[in-house]
file coords.txt (compact mmCIF, C-alpha atoms and all ligand atoms)
# COMPACT_ATOMS: atom_id res chain seq x y z
CA MET A 1204 -9.93 30.24 44.67
CA LYS A 1205 -8.45 28.05 41.95
CA TYR A 1206 -9.06 24.34 41.57
CA HIS A 1207 -6.76 21.69 40.12
CA SER A 1208 -7.07 18.16 38.81
CA THR A 1209 -5.84 15.29 40.98
CA SER A 1210 -4.24 13.86 37.81
CA ASN A 1211 -2.48 17.06 36.81
CA PRO A 1212 -1.87 19.82 39.38
CA SER A 1213 -1.01 22.32 36.66
CA HIS A 1214 -4.50 22.01 35.13
CA GLN A 1215 -6.15 24.91 36.99
CA VAL A 1216 -9.69 26.27 36.70
CA ASP A 1217 -11.96 28.70 38.54
CA LEU A 1218 -14.96 27.79 40.70
CA LYS A 1219 -17.48 28.03 37.89
CA GLU A 1220 -15.59 25.62 35.70
CA ALA A 1221 -14.84 23.20 38.55
CA ILE A 1222 -18.53 23.04 39.50
CA LEU A 1223 -20.16 23.10 36.07
CA ARG A 1224 -17.59 20.94 34.33
CA SER A 1225 -17.49 18.67 37.37
CA LEU A 1226 -14.78 16.43 35.93
CA PRO A 1227 -11.42 17.60 34.55
CA PRO A 1228 -10.72 16.51 30.95
CA ASP A 1229 -7.82 14.34 32.17
CA ASN A 1230 -10.19 12.08 34.11
CA GLY A 1231 -8.94 13.21 37.54
CA LEU A 1232 -11.11 15.00 40.12
CA TYR A 1233 -11.10 18.67 41.06
CA MET A 1234 -9.62 19.73 44.38
CA PRO A 1235 -9.27 23.26 45.77
CA ASN A 1236 -5.71 24.59 45.54
CA GLU A 1237 -5.79 25.54 49.18
CA LEU A 1238 -7.66 23.60 51.80
CA PRO A 1239 -9.21 26.17 54.10
CA VAL A 1240 -9.00 26.07 57.88
CA LEU A 1241 -11.51 27.84 60.12
CA GLY A 1242 -9.88 30.17 62.60
CA ARG A 1243 -10.00 30.47 66.35
CA ASP A 1244 -12.87 32.91 66.20
CA PHE A 1245 -15.00 30.07 64.81
CA TRP A 1246 -13.74 27.30 67.09
CA THR A 1247 -14.27 29.33 70.27
CA ILE A 1248 -18.00 29.73 69.56
CA TRP A 1249 -18.87 26.78 67.33
CA ARG A 1250 -20.86 24.99 70.02
CA GLU A 1251 -23.28 27.90 70.31
CA LEU A 1252 -23.88 28.37 66.57
CA THR A 1253 -26.94 27.16 64.67
CA PHE A 1254 -26.71 24.51 61.95
CA GLN A 1255 -27.13 27.28 59.36
CA GLU A 1256 -24.39 29.42 60.91
CA ILE A 1257 -21.99 26.49 60.90
CA GLY A 1258 -22.91 25.78 57.29
CA PHE A 1259 -22.31 29.37 56.28
CA ALA A 1260 -18.90 29.52 57.99
CA VAL A 1261 -17.72 26.37 56.20
CA ALA A 1262 -19.21 27.41 52.86
CA GLU A 1263 -17.56 30.81 53.17
CA ALA A 1264 -14.18 29.21 53.84
CA PHE A 1265 -14.45 27.27 50.58
CA PHE A 1266 -16.48 29.57 48.32
CA GLY A 1267 -16.32 33.01 49.97
CA GLU A 1268 -13.82 34.40 47.47
CA ASP A 1269 -16.13 33.58 44.56
CA VAL A 1270 -19.68 33.94 45.87
CA PRO A 1271 -20.81 37.12 47.66
CA ALA A 1272 -21.78 36.55 51.29
CA PRO A 1273 -25.51 37.38 51.02
CA GLU A 1274 -25.95 34.93 48.11
CA LEU A 1275 -23.92 32.27 49.88
CA ARG A 1276 -26.01 32.71 52.99
CA ASP A 1277 -29.19 32.21 50.91
CA ILE A 1278 -27.73 29.08 49.31
CA VAL A 1279 -26.87 27.62 52.73
CA GLU A 1280 -30.20 28.54 54.30
CA GLY A 1281 -32.11 27.18 51.31
CA THR A 1282 -30.14 23.94 51.62
CA LEU A 1283 -30.49 23.49 55.36
CA ALA A 1284 -34.26 23.78 55.53
CA PHE A 1285 -34.48 20.69 57.77
CA ASP A 1286 -32.51 19.39 60.74
CA ALA A 1287 -30.04 16.53 61.24
CA PRO A 1288 -30.82 15.33 64.77
CA LEU A 1289 -28.42 13.25 66.84
CA VAL A 1290 -30.12 10.32 68.59
CA THR A 1291 -28.40 8.48 71.43
CA LEU A 1292 -29.19 4.75 71.54
CA ALA A 1293 -26.87 4.01 74.48
CA PRO A 1294 -23.90 5.78 76.09
CA GLY A 1295 -21.33 6.38 73.34
CA ASP A 1296 -23.65 4.95 70.66
CA HIS A 1297 -25.02 7.88 68.65
CA ILE A 1298 -26.97 7.95 65.41
CA LEU A 1299 -26.97 11.02 63.17
CA GLU A 1300 -30.26 11.07 61.28
CA LEU A 1301 -29.62 12.49 57.82
CA PHE A 1302 -32.99 11.59 56.33
CA HIS A 1303 -35.18 14.56 57.21
CA GLY A 1304 -34.98 16.15 53.77
CA PRO A 1305 -37.47 15.86 50.89
CA THR A 1306 -36.16 12.53 49.52
CA LEU A 1307 -35.31 10.98 52.89
CA ALA A 1308 -31.58 10.40 52.38
CA PHE A 1309 -28.44 12.41 53.16
CA LYS A 1310 -27.99 13.19 49.50
CA ASP A 1311 -30.56 15.98 49.83
CA PHE A 1312 -27.89 18.11 51.55
CA GLY A 1313 -25.43 17.92 48.66
CA ALA A 1314 -28.01 18.05 45.88
CA ARG A 1315 -29.84 21.09 47.27
CA PHE A 1316 -26.63 23.03 47.76
CA MET A 1317 -25.36 22.09 44.31
CA ALA A 1318 -28.60 23.09 42.55
CA ARG A 1319 -28.55 26.48 44.27
CA LEU A 1320 -24.86 27.10 43.61
CA MET A 1321 -25.21 26.11 39.94
CA ALA A 1322 -28.21 28.41 39.55
CA HIS A 1323 -26.09 31.21 41.05
CA LEU A 1324 -23.12 30.49 38.77
CA THR A 1325 -25.26 30.45 35.61
CA ARG A 1326 -27.65 33.31 36.41
CA GLY A 1327 -28.31 35.53 33.45
CA GLU A 1328 -27.24 32.90 30.87
CA ASP A 1329 -29.73 31.62 28.33
CA ARG A 1330 -28.19 28.21 27.49
CA LEU A 1331 -29.96 25.24 29.00
CA LEU A 1332 -27.77 23.37 31.50
CA THR A 1333 -28.03 19.55 31.26
CA VAL A 1334 -27.37 17.70 34.50
CA LEU A 1335 -26.33 14.12 33.76
CA VAL A 1336 -26.28 11.80 36.74
CA ALA A 1337 -25.85 8.08 37.46
CA THR A 1338 -27.52 6.74 40.57
CA SER A 1339 -27.24 3.58 42.64
CA GLY A 1340 -30.44 4.52 44.42
CA ASP A 1341 -30.67 7.76 46.33
CA THR A 1342 -28.63 10.27 44.33
CA GLY A 1343 -31.07 10.42 41.44
CA GLY A 1344 -34.05 11.18 43.66
CA ALA A 1345 -32.21 13.87 45.57
CA VAL A 1346 -30.92 15.51 42.39
CA ALA A 1347 -34.31 15.28 40.68
CA SER A 1348 -36.00 16.88 43.68
CA ALA A 1349 -33.34 19.61 43.98
CA PHE A 1350 -33.52 20.61 40.28
CA HIS A 1351 -37.20 19.96 39.59
CA ASN A 1352 -38.65 23.09 37.98
CA VAL A 1353 -35.37 25.04 38.31
CA PRO A 1354 -35.49 27.28 35.22
CA GLY A 1355 -32.68 26.82 32.70
CA THR A 1356 -31.93 23.23 33.72
CA ARG A 1357 -32.85 19.72 32.65
CA VAL A 1358 -31.83 16.49 34.40
CA ILE A 1359 -31.09 13.09 32.84
CA ILE A 1360 -30.83 10.27 35.36
CA LEU A 1361 -29.31 6.84 34.59
CA TYR A 1362 -30.20 4.03 36.97
CA PRO A 1363 -29.56 0.27 36.90
CA LYS A 1364 -32.68 -1.69 35.94
CA GLY A 1365 -34.06 -3.80 38.75
CA LYS A 1366 -31.41 -2.68 41.23
CA VAL A 1367 -33.13 0.19 43.03
CA SER A 1368 -36.10 -0.16 45.37
CA GLY A 1369 -39.61 0.50 44.09
CA LEU A 1370 -39.97 3.78 45.98
CA GLN A 1371 -36.48 4.93 45.01
CA GLU A 1372 -37.47 4.30 41.41
CA LYS A 1373 -40.61 6.39 41.80
CA GLN A 1374 -38.51 9.25 43.15
CA LEU A 1375 -36.54 9.19 39.88
CA THR A 1376 -39.28 8.53 37.39
CA ALA A 1377 -42.46 10.21 38.61
CA LEU A 1378 -41.55 13.91 38.63
CA GLY A 1379 -41.72 14.61 34.89
CA GLY A 1380 -41.17 18.17 33.66
CA ASN A 1381 -37.45 18.83 33.28
CA ILE A 1382 -36.51 15.40 34.71
CA THR A 1383 -35.89 12.39 32.40
CA ALA A 1384 -35.13 8.87 33.71
CA LEU A 1385 -33.18 6.22 31.77
CA GLU A 1386 -33.40 2.62 32.95
CA ILE A 1387 -30.09 1.00 31.99
CA ASP A 1388 -29.78 -2.74 31.50
CA GLY A 1389 -26.64 -3.06 33.64
CA THR A 1390 -25.11 -2.20 37.01
CA PHE A 1391 -24.51 1.15 38.69
CA ASP A 1392 -20.91 0.99 37.50
CA ASP A 1393 -22.18 0.69 33.92
CA CYS A 1394 -24.33 3.78 34.46
CA GLN A 1395 -21.40 5.66 35.93
CA ALA A 1396 -19.17 4.61 33.02
CA LEU A 1397 -21.73 5.99 30.52
CA VAL A 1398 -21.83 9.30 32.35
CA LYS A 1399 -18.03 9.51 32.36
CA LYS A 1400 -17.90 8.73 28.65
CA ALA A 1401 -20.40 11.47 27.87
CA PHE A 1402 -18.21 13.98 29.70
CA LEU A 1403 -15.07 12.84 27.96
CA ASP A 1404 -16.81 13.11 24.57
CA ARG A 1405 -16.16 16.79 23.88
CA GLU A 1406 -18.79 17.13 21.24
CA VAL A 1407 -21.54 15.69 23.44
CA ALA A 1408 -20.37 17.56 26.53
CA GLU A 1409 -20.24 20.91 24.80
CA ARG A 1410 -23.33 20.67 22.67
CA MET A 1411 -25.41 19.58 25.64
CA ASN A 1412 -23.79 22.04 28.08
CA LEU A 1413 -23.31 19.05 30.35
CA THR A 1414 -22.80 19.14 34.04
CA SER A 1415 -22.64 16.32 36.55
CA ALA A 1416 -24.40 15.85 39.83
CA ASN A 1417 -22.54 12.80 41.06
CA SER A 1418 -20.53 12.98 44.24
CA ILE A 1419 -17.49 13.70 42.09
CA ASN A 1420 -18.88 17.25 42.05
CA LEU A 1421 -17.16 19.31 44.71
CA SER A 1422 -20.30 21.34 45.43
CA ARG A 1423 -21.97 18.21 46.79
CA LEU A 1424 -19.17 17.38 49.16
CA VAL A 1425 -18.72 20.67 50.96
CA PRO A 1426 -22.31 20.87 52.33
CA GLN A 1427 -22.04 17.30 53.55
CA SER A 1428 -19.26 18.42 55.86
CA PHE A 1429 -21.70 20.76 57.68
CA TYR A 1430 -23.43 17.99 59.59
CA TYR A 1431 -20.20 16.47 60.87
CA ILE A 1432 -19.54 19.71 62.76
CA HIS A 1433 -23.19 20.17 63.72
CA SER A 1434 -23.34 16.68 65.25
CA ALA A 1435 -19.95 16.79 66.99
CA ARG A 1436 -20.90 19.88 68.96
CA GLN A 1437 -23.84 17.98 70.45
CA LEU A 1438 -21.48 15.64 72.31
CA PRO A 1439 -20.23 16.70 75.76
CA GLU A 1440 -17.34 19.15 75.59
CA GLY A 1441 -14.00 17.41 75.13
CA VAL A 1442 -15.48 14.22 73.64
CA LYS A 1443 -13.98 13.59 70.21
CA PRO A 1444 -16.27 11.59 67.97
CA THR A 1445 -15.42 8.61 65.85
CA PHE A 1446 -17.54 8.94 62.72
CA VAL A 1447 -18.88 5.76 61.20
CA ILE A 1448 -19.88 6.20 57.57
CA PRO A 1449 -21.85 3.63 55.57
CA SER A 1450 -20.01 4.04 52.28
CA GLY A 1451 -20.31 3.36 48.56
CA ASN A 1452 -18.76 6.08 46.42
CA PHE A 1453 -17.08 7.57 49.51
CA GLY A 1454 -18.38 11.10 48.99
CA ASN A 1455 -19.83 11.22 52.49
CA LEU A 1456 -16.59 10.04 54.04
CA THR A 1457 -14.58 12.52 51.98
CA ALA A 1458 -16.88 15.27 53.32
CA GLY A 1459 -15.98 14.13 56.83
CA LEU A 1460 -12.31 14.49 55.96
CA LEU A 1461 -13.04 18.05 54.80
CA ALA A 1462 -14.71 18.77 58.17
CA LYS A 1463 -11.56 17.57 59.92
CA GLN A 1464 -9.48 19.61 57.51
CA VAL A 1465 -11.26 22.85 58.48
CA GLY A 1466 -10.42 22.08 62.11
CA LEU A 1467 -13.03 19.73 63.59
CA PRO A 1468 -11.51 17.50 66.29
CA VAL A 1469 -12.16 13.90 65.17
CA GLU A 1470 -10.89 10.75 66.86
CA HIS A 1471 -11.20 8.46 63.86
CA PHE A 1472 -13.18 7.67 60.71
CA LEU A 1473 -14.61 4.24 60.12
CA ALA A 1474 -15.69 3.29 56.61
CA ALA A 1475 -18.45 0.69 56.82
CA THR A 1476 -19.29 -1.20 53.64
CA ASN A 1477 -21.32 -4.16 52.50
CA ARG A 1478 -19.62 -6.91 50.49
CA ASN A 1479 -18.39 -4.25 48.07
CA ASP A 1480 -15.31 -3.84 50.24
CA VAL A 1481 -12.65 -2.43 47.90
CA VAL A 1482 -11.71 0.39 50.31
CA PRO A 1483 -11.64 -1.68 53.54
CA GLU A 1484 -9.40 -4.14 51.66
CA TYR A 1485 -7.14 -1.29 50.57
CA LEU A 1486 -6.91 0.03 54.13
CA LYS A 1487 -5.90 -3.43 55.35
CA LYS A 1488 -3.48 -4.42 52.62
CA GLY A 1489 -2.40 -1.28 50.77
CA GLU A 1490 -3.62 -2.62 47.44
CA TYR A 1491 -6.48 -0.94 45.62
CA THR A 1492 -8.36 -3.37 43.40
CA PRO A 1493 -11.61 -1.97 41.99
CA ARG A 1494 -13.95 -4.65 40.70
CA PRO A 1495 -17.52 -5.06 39.47
CA SER A 1496 -20.12 -4.27 42.11
CA ILE A 1497 -22.18 -6.96 43.84
CA ALA A 1498 -25.91 -6.45 44.54
CA THR A 1499 -26.77 -6.28 48.25
CA ILE A 1500 -29.68 -5.16 50.45
CA SER A 1501 -27.85 -1.87 51.16
CA ASN A 1502 -28.03 -1.08 47.46
CA ALA A 1503 -26.95 2.57 47.61
CA MET A 1504 -23.53 1.27 48.65
CA ASP A 1505 -23.16 -1.25 45.82
CA VAL A 1506 -20.12 0.37 44.27
CA GLY A 1507 -17.09 -1.55 43.04
CA ALA A 1508 -14.98 1.40 41.88
CA PRO A 1509 -15.63 4.26 44.33
CA SER A 1510 -15.35 7.56 42.50
CA ASN A 1511 -14.08 9.62 45.43
CA PHE A 1512 -11.20 7.31 46.24
CA VAL A 1513 -8.61 9.46 44.45
CA ARG A 1514 -9.82 12.46 46.42
CA MET A 1515 -9.33 10.58 49.68
CA GLN A 1516 -5.84 9.69 48.54
CA ALA A 1517 -5.12 13.29 47.61
CA LEU A 1518 -6.19 14.44 51.08
CA PHE A 1519 -3.60 12.09 52.58
CA GLY A 1520 -0.81 13.04 50.18
CA ASN A 1521 -1.28 9.67 48.42
CA SER A 1522 0.07 7.89 51.47
CA TRP A 1523 -1.55 4.61 52.50
CA GLN A 1524 0.14 4.90 55.88
CA LYS A 1525 -1.32 8.34 56.52
CA MET A 1526 -4.80 7.31 55.44
CA ARG A 1527 -4.73 4.34 57.79
CA GLU A 1528 -3.92 6.55 60.75
CA SER A 1529 -7.23 8.38 60.27
CA VAL A 1530 -9.49 5.89 58.51
CA SER A 1531 -10.26 2.20 59.07
CA GLY A 1532 -12.61 0.01 57.11
CA ILE A 1533 -14.83 -2.94 57.82
CA SER A 1534 -17.46 -4.79 55.80
CA PHE A 1535 -20.53 -6.88 56.62
CA SER A 1536 -22.69 -9.41 54.81
CA ASP A 1537 -26.40 -9.07 54.11
CA GLY A 1538 -27.10 -11.71 56.77
CA GLU A 1539 -25.25 -9.69 59.41
CA THR A 1540 -27.02 -6.53 58.26
CA ARG A 1541 -30.46 -8.13 58.54
CA ALA A 1542 -29.62 -9.38 62.05
CA ALA A 1543 -28.53 -5.85 63.01
CA VAL A 1544 -31.84 -4.37 61.81
CA ARG A 1545 -33.63 -6.78 64.18
CA GLU A 1546 -31.18 -6.24 67.02
CA VAL A 1547 -31.35 -2.45 66.97
CA LYS A 1548 -35.13 -2.71 67.07
CA SER A 1549 -35.19 -5.16 69.95
CA LEU A 1550 -32.47 -3.44 72.01
CA PHE A 1551 -33.45 0.19 71.47
CA ASN A 1552 -36.86 0.12 69.81
CA TYR A 1553 -35.23 2.01 66.93
CA GLU A 1554 -35.81 1.27 63.26
CA ILE A 1555 -32.51 1.50 61.41
CA ASP A 1556 -32.33 1.13 57.63
CA PRO A 1557 -30.00 -1.45 56.01
CA HIS A 1558 -27.30 1.17 55.25
CA GLY A 1559 -27.32 2.56 58.77
CA ALA A 1560 -27.32 -1.02 60.07
CA VAL A 1561 -24.01 -1.70 58.32
CA GLY A 1562 -22.67 1.41 60.06
CA TRP A 1563 -24.10 0.42 63.44
CA LEU A 1564 -22.35 -2.97 63.25
CA ALA A 1565 -19.06 -1.24 62.45
CA ALA A 1566 -19.58 1.19 65.34
CA ARG A 1567 -20.26 -1.60 67.81
CA ASN A 1568 -17.17 -3.39 66.65
CA TYR A 1569 -15.10 -0.23 67.08
CA ARG A 1570 -16.39 0.55 70.57
CA ALA A 1571 -15.64 -3.02 71.67
CA ALA A 1572 -12.02 -2.56 70.56
CA HIS A 1573 -11.81 1.02 71.91
CA PRO A 1574 -13.81 1.13 75.16
CA GLY A 1575 -14.99 4.58 76.16
CA SER A 1576 -15.07 5.94 72.63
CA ALA A 1577 -18.07 7.83 71.27
CA THR A 1578 -19.26 6.78 67.85
CA ILE A 1579 -21.54 8.83 65.63
CA THR A 1580 -23.03 6.53 63.00
CA LEU A 1581 -24.46 8.29 59.99
CA GLU A 1582 -28.00 7.04 59.35
CA THR A 1583 -27.97 7.79 55.66
CA ALA A 1584 -31.60 7.06 54.72
CA HIS A 1585 -35.03 6.65 56.26
CA PRO A 1586 -35.94 2.97 56.79
CA ALA A 1587 -39.25 3.46 54.97
CA LYS A 1588 -37.27 3.68 51.72
CA PHE A 1589 -36.49 -0.03 52.03
CA PRO A 1590 -39.82 -1.71 52.79
CA ASP A 1591 -38.76 -5.16 51.54
CA VAL A 1592 -35.96 -5.52 54.07
CA MET A 1593 -37.76 -3.77 56.92
CA ASP A 1594 -40.96 -5.79 56.48
CA ALA A 1595 -39.02 -9.05 56.27
CA GLU A 1596 -37.03 -8.34 59.45
CA LEU A 1597 -39.48 -6.43 61.63
CA GLY A 1598 -42.88 -7.47 60.28
CA VAL A 1599 -45.10 -5.70 57.78
CA GLY A 1600 -46.10 -2.13 58.65
CA LYS A 1601 -43.68 -1.63 61.58
CA VAL A 1602 -42.01 1.39 59.96
CA ASP A 1603 -44.08 4.55 59.65
CA ILE A 1604 -44.05 5.88 56.11
CA PRO A 1605 -43.55 9.66 55.94
CA GLU A 1606 -46.18 11.47 53.90
CA ARG A 1607 -43.71 12.69 51.26
CA LEU A 1608 -42.84 9.08 50.48
CA ALA A 1609 -46.34 7.65 50.76
CA VAL A 1610 -47.69 9.88 47.99
CA LEU A 1611 -45.21 8.35 45.49
CA ALA A 1612 -46.85 4.94 45.59
CA ASP A 1613 -49.74 6.14 43.42
CA GLN A 1614 -47.64 8.05 40.91
CA GLU A 1615 -46.76 6.75 37.50
CA LYS A 1616 -43.27 5.56 36.55
CA VAL A 1617 -42.02 7.09 33.30
CA ALA A 1618 -38.60 5.80 32.14
CA THR A 1619 -36.86 4.84 28.90
CA GLU A 1620 -35.08 1.49 28.85
CA LEU A 1621 -31.63 1.37 27.22
CA PRO A 1622 -28.83 -1.20 26.94
CA LYS A 1623 -25.53 -0.34 28.61
CA ASP A 1624 -23.42 0.30 25.52
CA TRP A 1625 -22.06 3.74 24.78
CA GLU A 1626 -23.07 3.91 21.10
CA THR A 1627 -26.76 3.39 21.85
CA PHE A 1628 -26.67 5.90 24.69
CA ARG A 1629 -24.88 8.47 22.53
CA ALA A 1630 -27.43 7.95 19.77
CA TRP A 1631 -30.27 8.39 22.26
CA LEU A 1632 -28.76 11.67 23.43
CA GLY A 1633 -28.47 12.79 19.82
CA ASP A 1634 -32.12 11.98 19.10
CA ASN A 1635 -33.59 13.28 22.28
CA VAL A 1636 -31.59 16.09 23.79
CA ILE A 1637 -28.82 17.53 21.70
C1 LIG A 1701 -25.39 7.21 48.61
C2 LIG A 1701 -25.68 6.45 49.85
C3 LIG A 1701 -24.66 5.87 50.60
C4 LIG A 1701 -23.23 5.92 50.17
O1 LIG A 1701 -22.69 7.22 50.24
P1 LIG A 1701 -21.33 7.57 49.48
O2 LIG A 1701 -21.14 9.02 49.68
O3 LIG A 1701 -21.54 7.22 48.05
O4 LIG A 1701 -20.27 6.74 50.10
C5 LIG A 1701 -25.00 5.25 51.78
N1 LIG A 1701 -26.28 5.14 52.19
C6 LIG A 1701 -27.29 5.67 51.47
C7 LIG A 1701 -28.68 5.50 51.97
C8 LIG A 1701 -27.03 6.35 50.30
O5 LIG A 1701 -28.03 6.87 49.60

call {"tool": "encode", "arguments": {"input": "coords.txt", "output": "structure tokens", "more": "lines below"}}
Ligand SMILES: *Cc1c(COP(=O)(O)O)cnc(C)c1O
result
Amino acid sequence: MKYHSTSNPSHQVDLKEAILRSLPPDNGLYMPNELPVLGRDFWTIWRELTFQEIGFAVAEAFFGEDVPAPELRDIVEGTLAFDAPLVTLAPGDHILELFHGPTLAFKDFGARFMARLMAHLTRGEDRLLTVLVATSGDTGGAVASAFHNVPGTRVIILYPKGKVSGLQEKQLTALGGNITALEIDGTFDDCQALVKKAFLDREVAERMNLTSANSINLSRLVPQSFYYIHSARQLPEGVKPTFVIPSGNFGNLTAGLLAKQVGLPVEHFLAATNRNDVVPEYLKKGEYTPRPSIATISNAMDVGAPSNFVRMQALFGNSWQKMRESVSGISFSDGETRAAVREVKSLFNYEIDPHGAVGWLAARNYRAAHPGSATITLETAHPAKFPDVMDAELGVGKVDIPERLAVLADQEKVATELPKDWETFRAWLGDNVI
């Protein structure tokens, strides 16, 4: 399969380049030349398949030409080493728990698949691969965990100082070994801009053998489509889900669009955001106005210039009208989000994290306007990752802390602080890694 840039369809590369280079030199995003569709043989039995079998079928549709089936099966099985259970709060009100992986957020799915695919694509090479990644909270932890101790790789994580939770920070800074954390005096958008600059700087990109792990990387998106199909088949036959996706960079939502593309029946997609509502505004008005991000309590969604937006547009032939037929958007304030955390607990005795709470509000809103519809709200992280909000709304100690998170509290943070300007960052790279 060949891949092209959204900015220039005649710029074509193979899978290895699309995955390892991550970003085309023209600043577009890579898309597969053909969008695969799963055939009838899949859709007649999909309800009986396991999560891993669904994952393999989708992965094969995208990557089967380039990765031999046994290796691809190993990559999928290594990725899906934990479940994504669907929890029903009330009729039609479903929550898809995506936090059962090692770092307790949905990003484990994409990061684990990507690390395994990259290891496959570079096997037998002796050059060190440098994974450069900006994180608004959960990406860095997932990527660090997925690549930790993977031979032939090193990871450099940029995160905005003071804007990730204490435990999120430990997930980035406590692993050591081949993982290096940089604490940037700026916002997530500043971190993302530095990463983009490094890629566009040919000398840096080539000397460091750079690759990206942000959700602009196609190998993170495809595995995120697995759980859309896996959750939909758990609804009664004939019920088409409306997926509600708490969104920031819109990788998760784009993965949902890929699931629909391969043939999954979907009623609608609902993009739920916090006050960083660039995409909901676009869906309402047809004007796309990226702007600096605002800090909120659902910090992993604090994105003012969502990097997957051009991919969403590409999937709808750059038509606003077409996108609106399939996707709506809605945003909520921190006050509304806090109230939802309390309400979900008191109505259902369920602890929902601030990101999932934004989604749950959107889902309730949608069901009120479309009675009888079934919403699946993606619960993108475990509530224990956000103790400040959960303790304030539910009382201290109401959320059980999973063991794999609890152990982080005692580990030491190791990070290098840097200002947000490119020259300093480039110089640091020169001194420390090139
Ligand atoms: C990353 C993240 C999001 C946003 O996902 P996108 O794919 O960037 O839209 C939402 N919730 C949590 C907990 C996250 O970590």

call {"tool": "atom_distance", "arguments": {"input": "coords.txt", "atom1": "CA of Thr1499 in chain A", "atom2": "CA of Pro1483 in chain A"}}
result
16.7 Å

call {"tool": "closest_atom_pairs", "arguments": {"input": "coords.txt", "of": "chain A", "to": "ligand LIG 1701 (chain A)", "cutoff": "6 Å", "atoms": "all atoms listed in the file", "output": "JSON lines"}}
result
{"residue": "A:Ala1308", "atom": "CA", "partner": "A:LIG1701", "partner_atom": "C7", "distance": 5.7}
{"residue": "A:Asp1341", "atom": "CA", "partner": "A:LIG1701", "partner_atom": "O5", "distance": 4.3}
{"residue": "A:Pro1449", "atom": "CA", "partner": "A:LIG1701", "partner_atom": "C5", "distance": 5.2}
{"residue": "A:Ser1450", "atom": "CA", "partner": "A:LIG1701", "partner_atom": "O4", "distance": 3.5}
{"residue": "A:Gly1451", "atom": "CA", "partner": "A:LIG1701", "partner_atom": "O4", "distance": 3.7}
{"residue": "A:Asn1452", "atom": "CA", "partner": "A:LIG1701", "partner_atom": "O3", "distance": 3.4}
{"residue": "A:Phe1453", "atom": "CA", "partner": "A:LIG1701", "partner_atom": "O4", "distance": 3.3}
{"residue": "A:Gly1454", "atom": "CA", "partner": "A:LIG1701", "partner_atom": "O2", "distance": 3.5}
{"residue": "A:Asn1455", "atom": "CA", "partner": "A:LIG1701", "partner_atom": "O2", "distance": 3.8}
{"residue": "A:Ala1503", "atom": "CA", "partner": "A:LIG1701", "partner_atom": "C8", "distance": 4.6}
{"residue": "A:Met1504", "atom": "CA", "partner": "A:LIG1701", "partner_atom": "C4", "distance": 4.9}
{"residue": "A:His1558", "atom": "CA", "partner": "A:LIG1701", "partner_atom": "N1", "distance": 5.1}
{"residue": "A:Thr1583", "atom": "CA", "partner": "A:LIG1701", "partner_atom": "C7", "distance": 4.4}
{"residue": "A:Ala1584", "atom": "CA", "partner": "A:LIG1701", "partner_atom": "C7", "distance": 4.3}

call {"tool": "write_last_selection", "arguments": {"input": "coords.txt", "atoms": "C-alpha atoms", "output": "tab-separated table (two decimals), keeping the file's coordinate frame"}}
result
chain	number	residue	atom	x	y	z
A	1308	ALA	CA	-31.58	10.40	52.38
A	1341	ASP	CA	-30.67	7.76	46.33
A	1449	PRO	CA	-21.85	3.63	55.57
A	1450	SER	CA	-20.01	4.04	52.28
A	1451	GLY	CA	-20.31	3.36	48.56
A	1452	ASN	CA	-18.76	6.08	46.42
A	1453	PHE	CA	-17.08	7.57	49.51
A	1454	GLY	CA	-18.38	11.10	48.99
A	1455	ASN	CA	-19.83	11.22	52.49
A	1503	ALA	CA	-26.95	2.57	47.61
A	1504	MET	CA	-23.53	1.27	48.65
A	1558	HIS	CA	-27.30	1.17	55.25
A	1583	THR	CA	-27.97	7.79	55.66
A	1584	ALA	CA	-31.60	7.06	54.72

call {"tool": "closest_residue", "arguments": {"input": "coords.txt", "among": "A:Ala1408, A:Val1506, A:Ile1497, A:Leu1403", "to": "Ala1337 in chain A", "atoms": "only C-alpha atoms"}}
result
A:Val1506

call {"tool": "residues_around", "arguments": {"input": "coords.txt", "residues": "range 1275-1279 of chain A", "least_positions_apart": "4", "cutoff": "10 Å", "atoms": "all atoms listed in the file", "output": "ChimeraX atom specification"}}
result
/A:1254-1263,1266-1267,1269-1271,1283-1284,1312,1315-1320,1322-1323,1426,1429

call {"tool": "closest_residue", "arguments": {"input": "coords.txt", "among": "A:Leu1218, A:Ala1287, A:Leu1413, A:Val1334", "to": "Glu1268 in chain A", "atoms": "all atoms listed in the file"}}
result
A:Leu1218

call {"tool": "closest_atom_pairs", "arguments": {"input": "coords.txt", "of": "range 1260-1357 of chain A", "to": "range 1592-1615 of chain A", "cutoff": "9 Å", "atoms": "only C-alpha atoms", "output": "Markdown table"}}
result
| residue | atom | partner | partner_atom | distance |
| --- | --- | --- | --- | --- |
| A:Pro1305 | CA | A:Arg1607 | CA | 7.0 |
| A:Thr1306 | CA | A:Leu1608 | CA | 7.6 |
| A:Leu1307 | CA | A:Leu1608 | CA | 8.1 |

call {"tool": "axis_aligned_box", "arguments": {"input": "coords.txt", "around": "range 1567-1585 of chain A", "padding_each_side": "5 Å", "output": "JSON"}}
result
{"center_x": -23.4, "center_y": 2.7, "center_z": 65.4, "size_x": 33.2, "size_y": 22.2, "size_z": 31.4}

call {"tool": "closest_residue", "arguments": {"input": "coords.txt", "among": "A:Val1617, A:Val1465, A:Ala1572, A:Leu1473", "to": "Ile1360 in chain A", "atoms": "all atoms listed in the file"}}
result
A:Val1617

call {"tool": "residues_around", "arguments": {"input": "coords.txt", "residues": "Pro1622 in chain A", "least_positions_apart": "5", "cutoff": "8 Å", "atoms": "all atoms listed in the file", "output": "MDAnalysis selection string"}}
result
chainID A and resid 1387:1389 1627:1628
